[in-house]
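Data block for entry_29.txt (compact mmCIF, C-alpha atoms):
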# COMPACT_ATOMS: atom_id res chain seq x y z
CA MET A 443 92.24 82.90 72.29
CA ASN A 444 90.68 79.45 71.94
CA PRO A 445 91.57 77.28 68.92
CA LEU A 446 89.88 78.47 65.73
CA PRO A 447 89.78 75.47 63.38
CA HIS A 448 86.89 76.57 61.14
CA THR A 449 87.77 79.05 58.38
CA LEU A 450 85.75 81.17 55.99
CA GLU A 451 87.69 82.47 52.98
CA ARG A 452 86.79 85.06 50.36
CA THR A 453 88.77 86.86 47.64
CA VAL A 454 87.80 89.92 45.60
CA LEU A 455 89.65 91.88 42.92
CA ILE A 456 89.34 95.64 43.35
CA ARG A 457 90.35 98.21 40.72
CA ALA A 458 92.05 100.52 43.19
CA ARG A 459 95.61 100.90 44.44
CA ARG A 460 96.56 99.16 47.69
CA GLU A 461 97.04 102.45 49.54
CA THR A 462 93.47 103.47 48.73
CA VAL A 463 92.06 100.08 49.73
CA PHE A 464 94.07 100.02 52.95
CA ALA A 465 92.79 103.46 53.94
CA HIS A 466 89.25 102.04 53.99
CA LEU A 467 90.47 99.47 56.54
CA ALA A 468 92.48 101.86 58.71
CA GLN A 469 90.68 105.23 58.85
CA SER A 470 87.56 105.44 60.97
CA ASP A 471 85.57 107.66 58.60
CA LEU A 472 86.27 105.33 55.67
CA TRP A 473 85.76 102.23 57.84
CA ALA A 474 82.30 103.58 58.77
CA SER A 475 81.49 104.25 55.10
CA TRP A 476 81.20 100.51 54.41
CA TRP A 477 80.11 99.21 57.81
CA GLY A 478 77.71 101.81 59.14
CA ALA A 479 77.58 105.18 60.86
CA GLY A 480 79.32 105.12 64.23
CA SER A 481 81.74 102.33 63.31
CA THR A 482 85.35 103.09 64.30
CA ILE A 483 88.80 101.55 64.17
CA ASP A 484 92.07 102.45 65.85
CA ALA A 485 94.41 100.78 63.35
CA ARG A 486 97.36 99.98 65.62
CA VAL A 487 98.23 96.87 67.56
CA GLY A 488 95.98 96.83 70.63
CA GLY A 489 93.60 99.36 69.11
CA ARG A 490 89.88 98.85 69.52
CA LEU A 491 87.35 98.56 66.74
CA LEU A 492 83.61 98.85 66.62
CA ILE A 493 81.31 97.74 63.82
CA ARG A 494 77.83 99.21 64.10
CA HIS A 495 75.52 97.78 61.48
CA PRO A 496 72.62 99.90 60.20
CA ASN A 497 70.18 97.59 62.04
CA GLY A 498 71.90 98.37 65.36
CA VAL A 499 73.82 95.09 65.73
CA GLU A 500 77.34 95.74 67.05
CA VAL A 501 80.62 93.87 66.73
CA HIS A 502 83.62 94.60 68.96
CA GLY A 503 87.24 93.68 68.44
CA GLU A 504 90.91 94.40 68.95
CA VAL A 505 93.56 94.99 66.29
CA LEU A 506 96.20 92.25 66.46
CA GLU A 507 98.45 93.09 63.49
CA VAL A 508 98.90 95.99 61.05
CA GLU A 509 101.23 96.07 58.07
CA THR A 510 100.69 99.18 55.96
CA PRO A 511 99.41 98.87 53.22
CA SER A 512 99.13 95.11 53.00
CA ARG A 513 97.61 93.46 56.08
CA VAL A 514 95.20 93.94 58.99
CA VAL A 515 94.29 91.29 61.58
CA PHE A 516 91.67 91.79 64.28
CA THR A 517 89.44 89.90 66.68
CA TYR A 518 85.71 89.88 66.04
CA LEU A 519 83.01 89.27 68.65
CA SER A 520 79.41 89.73 67.62
CA ALA A 521 76.21 89.34 69.58
CA GLY A 522 75.41 85.68 70.18
CA GLN A 523 79.01 84.45 69.79
CA ARG A 524 80.54 82.79 72.83
CA ASP A 525 84.14 83.12 71.62
CA ALA A 526 85.91 85.85 69.72
CA SER A 527 86.86 84.92 66.17
CA ARG A 528 89.76 86.30 64.10
CA VAL A 529 89.67 88.19 60.79
CA THR A 530 92.73 88.53 58.54
CA ILE A 531 92.61 90.83 55.51
CA THR A 532 95.56 90.76 53.13
CA LEU A 533 96.02 93.13 50.18
CA ASP A 534 98.20 92.01 47.26
CA ALA A 535 99.19 94.28 44.40
CA HIS A 536 97.63 93.14 41.12
CA ALA A 537 97.96 94.29 37.52
CA GLU A 538 94.35 95.53 37.67
CA GLY A 539 94.63 97.06 41.16
CA THR A 540 94.44 95.07 44.39
CA ARG A 541 93.50 91.50 45.25
CA LEU A 542 91.88 91.38 48.70
CA ARG A 543 92.00 88.05 50.53
CA LEU A 544 89.90 87.61 53.66
CA THR A 545 90.03 84.72 56.11
CA HIS A 546 87.77 84.56 59.14
CA ASP A 547 88.63 81.85 61.68
CA PHE A 548 86.01 80.53 64.13
CA ALA A 549 85.84 78.15 67.04
CA GLU A 550 82.51 76.72 65.83
CA ALA A 551 81.50 75.60 62.34
CA ALA A 552 77.99 76.97 62.85
CA ASP A 553 79.35 80.48 63.49
CA ARG A 554 81.45 80.26 60.35
CA ASP A 555 78.48 79.19 58.25
CA ALA A 556 76.35 82.00 59.68
CA HIS A 557 78.85 84.59 58.41
CA VAL A 558 79.25 83.38 54.81
CA GLN A 559 76.49 85.57 53.35
CA GLY A 560 77.43 88.44 55.65
CA TRP A 561 80.93 88.68 54.21
CA ARG A 562 79.66 88.11 50.67
CA TYR A 563 77.45 91.16 51.16
CA GLN A 564 79.89 93.28 53.17
CA LEU A 565 82.77 92.92 50.71
CA SER A 566 80.35 93.86 47.93
CA VAL A 567 79.54 97.07 49.83
CA PHE A 568 83.27 97.60 50.41
CA THR A 569 84.04 97.24 46.70
CA ASN A 570 81.29 99.69 45.76
CA ARG A 571 82.51 102.28 48.28
CA LEU A 572 85.99 102.05 46.77
CA ALA A 573 84.61 102.32 43.24
CA ASP A 574 82.68 105.43 44.23
CA ALA A 575 85.80 106.96 45.80
CA VAL A 576 88.17 106.21 42.91
CA ASN A 577 85.65 107.19 40.24
CA HIS A 578 84.01 110.17 41.89
CA ASN A 579 84.59 112.10 38.65
CA ALA A 580 83.06 109.47 36.35
CA GLU A 581 80.53 111.94 34.96
CA HIS A 582 83.33 114.38 34.12
CA ALA A 583 85.30 111.61 32.39
CA ALA A 584 82.31 110.77 30.19
CA ASP A 585 81.82 114.44 29.32
CA GLN A 586 85.51 114.81 28.46
CA TRP A 587 85.27 111.81 26.15
CA PHE A 588 82.34 113.26 24.24
CA ALA A 589 83.90 116.74 24.13
CA ALA A 590 87.21 115.37 22.84
CA TRP A 591 85.42 113.33 20.18
CA SER A 592 83.70 116.55 19.08
CA GLU A 593 86.90 118.64 18.94
CA PRO A 594 88.16 119.05 15.34
CA ASP A 595 91.50 120.59 16.37
CA ALA A 596 93.99 117.73 16.97
CA SER A 597 96.29 119.96 19.04
CA ARG A 598 93.43 120.48 21.53
CA ARG A 599 91.88 117.02 21.26
CA GLU A 600 94.94 114.78 21.65
CA PRO A 601 96.12 115.99 25.10
CA VAL A 602 92.63 115.41 26.50
CA PHE A 603 92.56 111.81 25.29
CA ALA A 604 96.13 111.23 26.51
CA ALA A 605 95.14 112.29 30.04
CA LEU A 606 91.76 110.53 29.95
CA ALA A 607 92.55 107.09 28.54
CA ALA A 608 95.11 104.36 29.27
CA PRO A 609 97.72 103.72 26.53
CA GLY A 610 96.10 100.36 25.72
CA VAL A 611 92.53 101.64 25.69
CA HIS A 612 90.14 99.51 23.64
CA PHE A 613 87.33 101.18 21.73
CA ALA A 614 84.60 99.29 19.93
CA ASP A 615 81.39 100.26 18.15
CA ARG A 616 79.80 99.53 14.76
CA PHE A 617 82.62 101.32 12.99
CA SER A 618 85.58 100.81 15.35
CA CYS A 619 87.86 98.08 16.64
CA ILE A 620 90.67 100.05 18.28
CA SER A 621 93.22 98.69 20.75
CA SER A 622 95.56 101.58 21.57
CA LEU A 623 95.49 105.29 22.32
CA ASP A 624 97.60 106.09 19.25
CA ASP A 625 95.20 104.19 17.00
CA LEU A 626 92.23 105.91 18.64
CA GLN A 627 93.74 109.35 18.02
CA ALA A 628 94.27 108.56 14.34
CA HIS A 629 90.77 107.08 14.06
CA ILE A 630 89.10 110.21 15.43
CA ALA A 631 91.19 112.42 13.17
CA ALA A 632 89.76 110.45 10.24
CA VAL A 633 86.23 110.90 11.57
CA HIS A 634 86.66 114.67 11.48
CA ARG A 635 88.20 114.52 8.02
CA PHE A 636 85.33 112.53 6.51
CA MET A 637 82.47 113.87 8.69
CA PRO A 638 83.38 117.48 9.50
CA GLY A 639 81.27 119.09 12.17
CA LEU A 640 80.26 115.85 13.89
CA ARG A 641 79.54 116.27 17.59
CA LEU A 642 78.66 113.87 20.40
CA VAL A 643 76.49 115.21 23.23
CA ARG A 644 75.64 113.37 26.46
CA ARG A 645 71.96 112.79 27.15
CA GLY A 646 70.80 112.48 30.75
CA PRO A 647 72.77 111.43 33.84
CA VAL A 648 75.54 108.84 33.84
CA ARG A 649 75.10 105.56 35.73
CA HIS A 650 78.07 104.07 37.57
CA CYS A 651 78.66 100.71 39.22
CA GLN A 652 82.03 99.16 40.10
CA TRP A 653 84.29 100.78 37.52
CA ARG A 654 81.71 100.65 34.74
CA VAL A 655 79.89 103.76 33.57
CA LEU A 656 76.90 104.03 31.22
CA ALA A 657 76.22 107.30 29.40
CA ASP A 658 73.65 107.96 26.69
CA TRP A 659 74.61 110.21 23.77
CA THR A 660 73.35 111.86 20.62
CA ALA A 661 75.44 112.32 17.45
CA LEU A 662 74.79 115.66 15.74
CA GLY A 663 75.85 116.69 12.26
CA ALA A 664 77.37 120.02 11.23
CA ASP A 665 73.86 121.41 10.73
CA GLY A 666 72.76 120.33 14.21
CA ALA A 667 70.52 117.55 12.93
CA GLU A 668 70.53 114.26 14.83
CA MET A 669 72.49 111.55 13.03
CA GLY A 670 71.94 108.86 15.63
CA HIS A 671 71.96 108.13 19.35
CA GLY A 672 73.11 105.38 21.64
CA THR A 673 74.86 104.41 24.86
CA ASN A 674 78.53 104.14 25.78
CA VAL A 675 79.87 101.70 28.34
CA PHE A 676 83.08 103.05 29.88
CA ASP A 677 85.45 100.73 31.78
CA LEU A 678 87.76 102.45 34.26
CA ASP A 679 91.09 101.23 35.59
CA ALA A 680 92.62 101.48 39.08
CA ASP A 681 93.76 105.05 38.38
CA GLY A 682 90.37 106.19 37.12
CA ARG A 683 91.45 106.21 33.45
CA LEU A 684 89.40 104.76 30.63
CA SER A 685 90.64 101.26 29.84
CA GLY A 686 87.84 100.40 27.44
CA VAL A 687 84.84 102.02 25.77
CA THR A 688 82.04 100.26 23.91
CA GLY A 689 79.50 102.27 21.95
CA PHE A 690 76.02 100.87 21.29
CA TRP A 691 73.98 102.56 18.57
CA ASN A 692 70.23 102.61 19.15
Now that the file is in, can you turn its structure into structure tokens?
Amino acid sequence: MNPLPHTLERTVLIRARRETVFAHLAQSDLWASWWGAGSTIDARVGGRLLIRHPNGVEVHGEVLEVETPSRVVFTYLSAGQRDASRVTITLDAHAEGTRLRLTHDFAEAADRDAHVQGWRYQLSVFTNRLADAVNHNAEHAADQWFAAWSEPDASRREPVFAALAAPGVHFADRFSCISSLDDLQAHIAAVHRFMPGLRLVRRGPVRHCQWRVLADWTALGADGAEMGHGTNVFDLDADGRLSGVTGFWN
């Protein structure tokens, strides 16, 4: 390979475990999910890869290095390039999930510059595909939150919250500033003591983007009358648990 003195670098933080992120770099069906239908990769040294963009443009390459689940290196030759370039993707464990570091080395500065927006876009697609995979049950998580809030029996409510939320979950609304699961459990117990019969019911579909979920709700009193309505913003961690919830009253 010719010298490749011109480097493009990009780093993204992904709320998913390294094994999950790596699978999207090493399995052809997952590789195609963020590149385009028909894209394939044989994730072993000497294996071939194909990137087939939705507009029909193709990129070919060869896998040079694989270290599961932390590193993939491959050549990259797209239409119009005279020389193959080299892509290195490194995955580092992070407290919030995985830090992905990409370097793309080129022979020509013009080729590097032409790929800056391409990688900005493609890693955004990659991050969204991972978010969709990790949080495929985001709607169910929102429904569990509202159902647990509405459950007056602590022996039934507390295990649901323990499975649903991280120990350091933060909850904020007009009446709450909570920074732990234990505090949240006690807070909700007080809600049922002072406002017996209160229920929260989801309204309409949830909306999800990159580990953040929006769900509209209605608060109903014991007599079924509406007491208020609003929107919750749920933040999800790398394991799909709730790390933070903010409630906006309308």
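Note that the spacing between atom CA of His557 of chain A and atom CA of His536 of chain A amounts to 26.9 Å.
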Quiz item: Which one of A:Ile483, A:Val643, A:Cys651, A:Val514 sits closest to Leu533 of chain A if you count all atoms listed in the file?
Solution: A:Val514
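Taking atom CA of Asn577 of chain A as the reference point, atom CA of Gly682 of chain A is found at 5.7 Å.
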Quiz prompt | Spatial neighbours of Ala680 of chain A, 8 Å, all atoms listed in the file, chain gap at least 5 places, as a VMD selection string | solution = chain A and resid 456 to 459 538 to 539 576
Exercise. Skip Thr569 of chain A itself and residues of its chain fewer than 2 positions away, then list as a PyMOL selection string all residues within 12 Å of it, counting only C-alpha atoms.
Key: chain A and resi 453-458+462-463+466-467+475-477+539-542+561-567+571-577+651-653
Missing atoms of segment 635-653 of chain A rebuilt to N, CA and C atoms, written as a CSV table (one decimal), in the frame of the given file:
chain,number,residue,atom,x,y,z
A,635,ARG,N,87.9,114.3,9.4
A,635,ARG,CA,88.2,114.5,8.0
A,635,ARG,C,87.0,114.2,7.1
A,636,PHE,N,86.4,113.0,7.4
A,636,PHE,CA,85.3,112.5,6.5
A,636,PHE,C,83.9,113.0,6.9
A,637,MET,N,83.8,113.4,8.2
A,637,MET,CA,82.5,113.9,8.7
A,637,MET,C,82.7,115.2,9.5
A,638,PRO,N,83.1,116.2,8.8
A,638,PRO,CA,83.4,117.5,9.5
A,638,PRO,C,82.1,118.0,10.2
A,639,GLY,N,82.4,118.5,11.4
A,639,GLY,CA,81.3,119.1,12.2
A,639,GLY,C,80.5,118.1,13.1
A,640,LEU,N,80.9,116.8,13.0
A,640,LEU,CA,80.3,115.8,13.9
A,640,LEU,C,80.5,116.2,15.4
A,641,ARG,N,79.4,116.1,16.1
A,641,ARG,CA,79.5,116.3,17.6
A,641,ARG,C,78.8,115.2,18.3
A,642,LEU,N,79.3,114.8,19.5
A,642,LEU,CA,78.7,113.9,20.4
A,642,LEU,C,78.3,114.6,21.6
A,643,VAL,N,77.0,114.5,22.1
A,643,VAL,CA,76.5,115.2,23.2
A,643,VAL,C,75.9,114.2,24.2
A,644,ARG,N,76.2,114.3,25.5
A,644,ARG,CA,75.6,113.4,26.5
A,644,ARG,C,74.2,113.7,26.7
A,645,ARG,N,73.4,112.6,26.9
A,645,ARG,CA,72.0,112.8,27.2
A,645,ARG,C,71.7,112.2,28.5
A,646,GLY,N,71.2,113.0,29.4
A,646,GLY,CA,70.8,112.5,30.8
A,646,GLY,C,72.0,112.2,31.7
A,647,PRO,N,71.7,111.7,32.9
A,647,PRO,CA,72.8,111.4,33.8
A,647,PRO,C,73.5,110.1,33.5
A,648,VAL,N,74.8,110.1,34.0
A,648,VAL,CA,75.5,108.8,33.8
A,648,VAL,C,75.1,107.9,35.0
A,649,ARG,N,75.3,106.6,34.7
A,649,ARG,CA,75.1,105.6,35.7
A,649,ARG,C,76.4,104.8,36.0
A,650,HIS,N,76.8,104.6,37.2
A,650,HIS,CA,78.1,104.1,37.6
A,650,HIS,C,77.9,102.9,38.6
A,651,CYS,N,78.6,101.8,38.3
A,651,CYS,CA,78.7,100.7,39.2
A,651,CYS,C,80.0,100.0,39.0
A,652,GLN,N,80.8,100.0,40.1
A,652,GLN,CA,82.0,99.2,40.1
A,652,GLN,C,82.9,99.3,38.8
A,653,TRP,N,83.3,100.5,38.6
A,653,TRP,CA,84.3,100.8,37.5
A,653,TRP,C,83.7,100.6,36.1
